[in-house]
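Trainee: Next comes the structure file input_18.cif, holding mmCIF, C-alpha atoms.
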```
data_data
#
loop_
_atom_site.label_atom_id
_atom_site.label_comp_id
_atom_site.auth_asym_id
_atom_site.auth_seq_id
_atom_site.Cartn_x
_atom_site.Cartn_y
_atom_site.Cartn_z
CA MET A 12 215.26 119.74 99.64
CA ARG A 13 211.69 120.12 98.47
CA PHE A 14 208.83 121.45 100.51
CA GLY A 15 205.24 122.47 99.91
CA TYR A 16 203.60 125.83 99.92
CA SER A 17 200.59 126.58 102.12
CA ARG A 18 197.73 128.40 100.43
CA GLU A 19 196.60 129.59 103.89
CA TYR A 20 198.94 132.56 103.30
CA LEU A 21 198.85 135.17 100.55
CA PRO A 22 201.14 134.80 98.75
CA PRO A 23 201.49 131.06 99.46
CA ALA A 24 204.24 130.40 102.04
CA PRO A 25 206.79 127.58 102.23
CA MET A 26 205.99 125.06 104.98
CA MET A 27 207.60 121.85 106.20
CA GLU A 28 207.05 119.20 108.85
CA ILE A 29 209.45 119.26 111.82
CA ARG A 30 209.96 117.23 114.99
CA LEU A 31 211.48 118.47 118.24
CA ALA A 32 213.92 116.76 120.61
CA LEU A 33 216.42 117.60 123.30
CA PRO A 34 220.08 117.11 122.30
CA GLY A 35 221.02 113.42 122.49
CA THR A 36 217.40 112.21 122.80
CA ALA A 37 214.83 110.71 120.46
CA PHE A 38 212.19 112.89 118.84
CA ALA A 39 209.17 113.42 121.07
CA GLY A 40 205.57 114.22 120.29
CA ALA A 41 203.75 114.56 117.01
CA PRO A 42 205.26 116.29 113.99
CA LEU A 43 204.63 120.04 113.75
CA THR A 44 204.10 122.18 110.67
CA ALA A 45 206.64 125.00 110.43
CA LEU A 46 206.60 128.17 108.36
CA LEU A 47 209.97 128.64 106.66
CA ASP A 48 211.30 132.19 106.85
CA THR A 49 214.89 132.49 105.63
CA GLY A 50 215.02 136.15 106.68
CA ALA A 51 213.83 135.60 110.27
CA ASP A 52 215.80 137.07 113.17
CA ALA A 53 214.56 134.39 115.57
CA THR A 54 212.89 131.01 115.76
CA ILE A 55 209.58 130.92 117.60
CA VAL A 56 208.17 127.71 119.07
CA PRO A 57 205.08 127.78 121.31
CA VAL A 58 206.18 127.10 124.91
CA ARG A 59 203.79 124.13 125.26
CA HIS A 60 205.95 122.23 122.75
CA ILE A 61 209.16 123.07 124.64
CA GLU A 62 207.70 122.14 128.03
CA SER A 63 206.45 118.80 126.69
CA LEU A 64 210.10 117.86 126.03
CA GLY A 65 210.98 118.43 129.68
CA ALA A 66 213.31 121.27 128.68
CA GLU A 67 214.05 124.11 131.05
CA VAL A 68 212.63 127.41 129.78
CA ALA A 69 215.17 130.17 130.43
CA ALA A 70 212.94 133.12 129.48
CA LEU A 71 209.42 133.64 128.18
CA ARG A 72 208.40 136.28 125.68
CA TYR A 73 204.88 136.79 124.45
CA LEU A 74 203.81 137.62 120.92
CA ARG A 75 200.42 138.70 119.74
CA SER A 76 199.08 139.81 116.43
CA PRO A 77 196.47 142.48 115.76
#
```
Output the structure of this file as structure tokens.
Mentor:
Amino acid sequence: MRFGYSREYLPPAPMMEIRLALPGTAFAGAPLTALLDTGADATIVPVRHIESLGAEVAALRYLRSP
């Protein structure tokens, strides 16, 4: 698989286009740009994208940067 690198990050970071869907359903909404992090402990998706699928949100956590 090939993917591009975004020069918005220093050093440039690998990015790819993704689409979200509930299991067994068609993709919904516009494609999103995702930052690839192979060492991540979690996947973070803004809640507005989850709610637009009609998915039930089990728990909310908030993240902020300095």
Trainee: Can you measure CA of Ile29 in chain A to CA of His60 in chain A for me? One decimal in Å is fine.
Mentor: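 Straight-line distance from CA of Ile29 in chain A to CA of His60 in chain A works out to 11.9 Å.
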Trainee: Nearest to Ala45 in chain A among A:Leu33, A:Leu21, A:Val58, A:Met26, with distances taken over all atoms listed in the file: which residue is it?
Mentor: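 Residue with the minimum atom-to-atom distance to Ala45 in chain A: A:Met26.
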Trainee: Can you work out the spacing between CA of Glu67 in chain A and CA of Ile55 in chain A in Å, to one decimal?
Mentor: 15.7 Å
Trainee: In Å, with one decimal, what is the gap from CA of Pro34 in chain A to CA of Ile61 in chain A?
Mentor: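 Computing the Euclidean distance for CA of Pro34 in chain A and CA of Ile61 in chain A yields 12.7 Å.
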Trainee: Could you spell out the hits of the PyMOL selection byres ((chain A and resi 41) around 12) on the shown file, as a list in words?
Mentor: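 After applying the PyMOL selection byres ((chain A and resi 41) around 12), what remains is Glu28, Ile29, Arg30, Leu31, Ala32, Phe38, Ala39, Gly40, Pro42, Leu43, Thr44, His60, Ser63 and Leu64 of chain A.
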Trainee: Using only the atoms of range 40-45 of chain A listed in the file, plus 5 Å on each side, state the axis-aligned box centre and edge lengths in Å rounded to one decimal, as JSON.
Mentor:
```
{"center_x": 205.2, "center_y": 119.6, "center_z": 115.4, "size_x": 12.9, "size_y": 20.8, "size_z": 19.9}
```
Trainee: Step by step, work through what the PyMOL selection byres ((chain A and resi 46) around 12) selects in the shown file, and finish by giving those residues as a list in words.
Mentor: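 For this structure, the PyMOL selection byres ((chain A and resi 46) around 12) resolves to Phe14, Gly15, Tyr16, Ser17, Arg18, Glu19, Tyr20, Pro23, Ala24, Pro25, Met26, Met27, Glu28, Ile29, Leu43, Thr44, Ala45, Leu47, Asp48, Thr49, Gly50, Ala51, Thr54, Ile55 and Val56 of chain A.
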Trainee: Name every residue that the PyMOL selection byres ((chain A and resi 74) around 12) selects in this structure, writing the answer as a PDB file with C-alpha atoms, in the coordinates of the input with chains first and numbers rising.
Mentor:
```pdb
ATOM      1  CA  ILE A  55     209.580 130.920 117.600  1.00  0.00           C
ATOM      2  CA  VAL A  56     208.170 127.710 119.070  1.00  0.00           C
ATOM      3  CA  PRO A  57     205.080 127.780 121.310  1.00  0.00           C
ATOM      4  CA  VAL A  58     206.180 127.100 124.910  1.00  0.00           C
ATOM      5  CA  LEU A  71     209.420 133.640 128.180  1.00  0.00           C
ATOM      6  CA  ARG A  72     208.400 136.280 125.680  1.00  0.00           C
ATOM      7  CA  TYR A  73     204.880 136.790 124.450  1.00  0.00           C
ATOM      8  CA  ARG A  75     200.420 138.700 119.740  1.00  0.00           C
ATOM      9  CA  SER A  76     199.080 139.810 116.430  1.00  0.00           C
ATOM     10  CA  PRO A  77     196.470 142.480 115.760  1.00  0.00           C
TER      11      PRO A  77
END
```
